[in-house]
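**Q** The structure is given below, and queries will be raised subsequently.
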Amino acid sequence: MVINKANKQPVNNALVTLGTAKTYTNTLGMFEIPANNTTDSLRITHFAYNAVVVSAKTTTVLRIEMEPATINLDAVTIHGTRDFKQDSLDNRLAYARQFNYRAPKLTDAFSTDANKQPGELLSINLLTVVDVLTKKSTPEYKFNKILLNDEHAAFVDHKFNRGNVGRITGLKDDTLSTFLVNYRPNYEFAKKATDYDMEVYIRKCFKEFKQDGMNASNPFHDAANKDTARVRLN
């Protein structure tokens, strides 16, 4: 059983390895792993905790405490203006491992032994199959998706920015905020659009915005109902 050393709560989804065998803890922090005649140590890892290595030779039942990892952040310098491309490159560099995360595929579970004879059965790694079926629940998969979604949102903000929209439409303050929220394009359109395409999009949306009365009472009101404007212009 694996628990948090600080609050004694179970540690879920910790990776437990013993030689070539591996498994994950469940929601109760519990796990089972074969340890027949092995001299290897038991290693437990989790992205939010310091790794733990314990002997697996003296007992068959273990209660393992993991200490939460301390995250040290470097000093951050804040500038008045931002360079989107440089920010994106810096973020990719800082989180290279997470951005490059590759989820296991079902084909990874099949053996590629070149010495197999014709007609010989393929061997399947059941642990890899389990990894494939549960990959979307892993912290690594979720963090990778969060980073990608944040990067996409930052790209849209860069192309559909307050200064550019305000210059084209002449809108200000709450009215401008309303327009930015209600007519924010999706990532796929922003990715393909040139500067000219984006200006055409903004002008068409502004025309519709004026026809709707340019309501600025609540910048976040009915933002979800404006997807039709984005689709219409893609």
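By convention here, the chains of the structure tokens are called A, B, ... in the order presented, each chain's residues are numbered starting at 1, and ligands are numbered starting at 1 in the order presented.
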If you count only C-alpha atoms, which residues fall within 8 Å of His46 in chain A, apart from same-chain ones fewer than 6 positions away, as a list in words?
**A**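 Using only C-alpha atoms, the neighbours found are Asn13, Ala14 and Leu15 of chain A.
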**Q** Restrict the selected residues to N, CA and C atoms and save them as a short mmCIF file (atom, residue, chain, number, x, y, z; two decimals), in the first residue's frame.
**A**
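Wrote again.cif, looks like this:
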```cif
data_model
loop_
_atom_site.label_atom_id
_atom_site.label_comp_id
_atom_site.auth_asym_id
_atom_site.auth_seq_id
_atom_site.Cartn_x
_atom_site.Cartn_y
_atom_site.Cartn_z
N ASN A 13 -2.40 5.86 -8.74
CA ASN A 13 -1.70 5.88 -10.03
C ASN A 13 -0.20 6.06 -9.90
N ALA A 14 0.39 5.60 -8.80
CA ALA A 14 1.84 5.58 -8.67
C ALA A 14 2.38 4.37 -9.43
N LEU A 15 3.49 4.53 -10.12
CA LEU A 15 4.08 3.43 -10.88
C LEU A 15 4.98 2.61 -9.97
#
```
**Q** Can you pull out the residues contacting Cys205 in chain A? Cut-off 10 Å, using only C-alpha atoms, and skip same-chain residues under 2 positions away; I want them as a list of chain:residue names.
**A**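 That gives A:Thr169, A:Phe179, A:Asn182, A:Tyr183, A:Arg184, A:Glu199, A:Val200, A:Tyr201, A:Ile202, A:Arg203, A:Lys207, A:Glu208, A:Phe209, A:Lys210, A:Gln211, A:Ala229, A:Arg230, A:Leu233.
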**Q** Just the residues within 10 Å of range 152-160 of chain A, please, counting only C-alpha atoms, with nothing from its chain fewer than 2 positions along; format it as a VMD selection string.
**A** chain A and resid 82 to 85 87 to 88 146 to 150 162 to 165 180 183 to 191 193 to 195 198 to 199 201 to 202
**Q** What does the file look like for those residues with N, CA, C and O atoms, as a short mmCIF file (atom, residue, chain, number, x, y, z; two decimals), in the first residue's frame?
**A**
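Writing the result to out-v8.cif gives the following:
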```cif
data_model
loop_
_atom_site.label_atom_id
_atom_site.label_comp_id
_atom_site.auth_asym_id
_atom_site.auth_seq_id
_atom_site.Cartn_x
_atom_site.Cartn_y
_atom_site.Cartn_z
N ARG A 82 5.04 41.42 -24.90
CA ARG A 82 5.36 40.00 -24.99
C ARG A 82 5.68 39.61 -26.43
O ARG A 82 5.13 40.16 -27.37
N ASP A 83 6.60 38.69 -26.55
CA ASP A 83 6.94 38.10 -27.84
C ASP A 83 6.31 36.72 -27.87
O ASP A 83 6.80 35.79 -27.24
N PHE A 84 5.19 36.58 -28.60
CA PHE A 84 4.45 35.33 -28.59
C PHE A 84 5.31 34.15 -29.02
O PHE A 84 5.30 33.10 -28.39
N LYS A 85 6.05 34.31 -30.11
CA LYS A 85 6.85 33.20 -30.62
C LYS A 85 7.91 32.77 -29.61
O LYS A 85 8.14 31.58 -29.40
N ASP A 87 7.81 33.29 -26.34
CA ASP A 87 7.11 32.68 -25.20
C ASP A 87 6.77 31.23 -25.49
O ASP A 87 6.92 30.35 -24.64
N SER A 88 6.32 30.97 -26.72
CA SER A 88 5.94 29.62 -27.10
C SER A 88 7.16 28.70 -27.12
O SER A 88 7.11 27.56 -26.64
N ILE A 146 -3.42 19.41 -21.33
CA ILE A 146 -3.55 20.75 -20.76
C ILE A 146 -2.55 21.70 -21.42
O ILE A 146 -2.88 22.83 -21.79
N LEU A 147 -1.30 21.25 -21.58
CA LEU A 147 -0.27 22.08 -22.20
C LEU A 147 -0.64 22.42 -23.64
O LEU A 147 -0.50 23.57 -24.08
N LEU A 148 -1.13 21.44 -24.38
CA LEU A 148 -1.51 21.69 -25.77
C LEU A 148 -2.70 22.64 -25.87
O LEU A 148 -2.72 23.55 -26.71
N ASN A 149 -3.69 22.45 -25.00
CA ASN A 149 -4.85 23.35 -25.01
C ASN A 149 -4.45 24.78 -24.65
O ASN A 149 -4.95 25.74 -25.25
N ASP A 150 -3.55 24.93 -23.67
CA ASP A 150 -3.08 26.26 -23.29
C ASP A 150 -2.31 26.91 -24.43
O ASP A 150 -2.43 28.12 -24.67
N ARG A 162 -6.58 42.02 -28.45
CA ARG A 162 -7.38 43.21 -28.11
C ARG A 162 -6.96 44.45 -28.91
O ARG A 162 -7.81 45.20 -29.39
N GLY A 163 -5.63 44.63 -29.07
CA GLY A 163 -5.16 45.81 -29.79
C GLY A 163 -5.56 45.80 -31.25
O GLY A 163 -6.02 46.83 -31.79
N ASN A 164 -5.42 44.66 -31.91
CA ASN A 164 -5.74 44.55 -33.33
C ASN A 164 -7.24 44.68 -33.56
O ASN A 164 -7.68 45.39 -34.48
N VAL A 165 -8.04 44.00 -32.73
CA VAL A 165 -9.49 44.08 -32.87
C VAL A 165 -9.98 45.51 -32.59
O VAL A 165 -10.85 46.03 -33.30
N LEU A 180 -14.76 40.45 -28.08
CA LEU A 180 -13.66 39.48 -28.01
C LEU A 180 -14.14 38.12 -27.51
O LEU A 180 -13.73 37.08 -28.01
N TYR A 183 -17.02 36.54 -30.21
CA TYR A 183 -16.60 36.21 -31.57
C TYR A 183 -15.19 35.62 -31.63
O TYR A 183 -14.57 35.61 -32.69
N ARG A 184 -14.72 35.12 -30.52
CA ARG A 184 -13.40 34.50 -30.49
C ARG A 184 -13.37 33.29 -31.44
O ARG A 184 -14.17 32.37 -31.32
N PRO A 185 -12.44 33.25 -32.41
CA PRO A 185 -12.39 32.14 -33.36
C PRO A 185 -11.79 30.89 -32.72
O PRO A 185 -11.14 30.97 -31.68
N ASN A 186 -12.04 29.73 -33.33
CA ASN A 186 -11.43 28.52 -32.81
C ASN A 186 -9.99 28.40 -33.31
O ASN A 186 -9.55 29.13 -34.21
N TYR A 187 -9.27 27.47 -32.72
CA TYR A 187 -7.84 27.32 -33.03
C TYR A 187 -7.61 26.92 -34.48
O TYR A 187 -6.67 27.43 -35.14
N GLU A 188 -8.43 26.03 -35.02
CA GLU A 188 -8.23 25.55 -36.38
C GLU A 188 -8.32 26.69 -37.39
O GLU A 188 -7.54 26.76 -38.34
N PHE A 189 -9.29 27.61 -37.18
CA PHE A 189 -9.40 28.75 -38.08
C PHE A 189 -8.21 29.70 -37.91
O PHE A 189 -7.60 30.15 -38.88
N ALA A 190 -7.85 30.00 -36.65
CA ALA A 190 -6.74 30.92 -36.38
C ALA A 190 -5.43 30.40 -36.94
O ALA A 190 -4.59 31.17 -37.42
N LYS A 191 -5.26 29.08 -36.89
CA LYS A 191 -4.02 28.47 -37.39
C LYS A 191 -3.87 28.64 -38.89
O LYS A 191 -2.77 28.88 -39.40
N ALA A 193 -5.58 30.97 -40.80
CA ALA A 193 -5.87 32.32 -41.27
C ALA A 193 -4.61 33.17 -41.40
O ALA A 193 -3.75 33.19 -40.52
N THR A 194 -4.51 33.89 -42.53
CA THR A 194 -3.48 34.91 -42.69
C THR A 194 -3.94 36.17 -41.96
O THR A 194 -5.08 36.25 -41.48
N ASP A 195 -3.08 37.19 -41.90
CA ASP A 195 -3.48 38.45 -41.28
C ASP A 195 -4.68 39.05 -42.01
O ASP A 195 -5.58 39.63 -41.39
N MET A 198 -7.85 37.12 -41.06
CA MET A 198 -8.30 37.47 -39.72
C MET A 198 -8.99 38.84 -39.73
O MET A 198 -10.00 39.02 -39.04
N GLU A 199 -8.47 39.78 -40.51
CA GLU A 199 -9.12 41.10 -40.57
C GLU A 199 -10.50 40.99 -41.22
O GLU A 199 -11.46 41.63 -40.76
N TYR A 201 -12.41 38.37 -41.14
CA TYR A 201 -13.24 37.72 -40.13
C TYR A 201 -13.73 38.73 -39.09
O TYR A 201 -14.91 38.77 -38.72
N ILE A 202 -12.81 39.58 -38.62
CA ILE A 202 -13.17 40.57 -37.60
C ILE A 202 -14.21 41.55 -38.13
O ILE A 202 -15.18 41.89 -37.44
#
```
**Q** As a ChimeraX atom specification, please: every residue in range 1-45 of chain A that DSSP puts in strand (DSSP E).
**A** /A:2-4,15-18,21-24,41-45
**Q** Choose the residue, out of A:Thr17, A:Asp212, A:Arg102, A:Asn36, that has the smallest atom-to-atom separation from Val54 in chain A; count only C-alpha atoms.
**A**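 For Val54 in chain A, the nearest of the given residues is A:Thr17.
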**Q** Which one of A:Thr175, A:Thr70, A:Ala21, A:Lys192 sits closest to Phe206 in chain A if you count only C-alpha atoms?
**A**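 The answer is A:Thr175, which sits nearest to Phe206 in chain A.
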**Q** Which polymer residues have any atom within 10 Å of an atom of Ala51 in chain A, counting only C-alpha atoms, with same-chain residues fewer than 3 positions away left out, as a list in words?
**A**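 Neighbouring residues, sequence-local ones excluded: Ala14, Leu15, Arg43, Ile44, Thr45, His46, Phe47, Ala48, Met66, Glu67, Pro68 and Ala69 of chain A.
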**Q** Please measure the separation of CA of Leu28 in chain A and CA of Asn50 in chain A, giving the value in Å to one decimal.
**A**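 Between CA of Leu28 in chain A and CA of Asn50 in chain A the gap works out to 19.0 Å.
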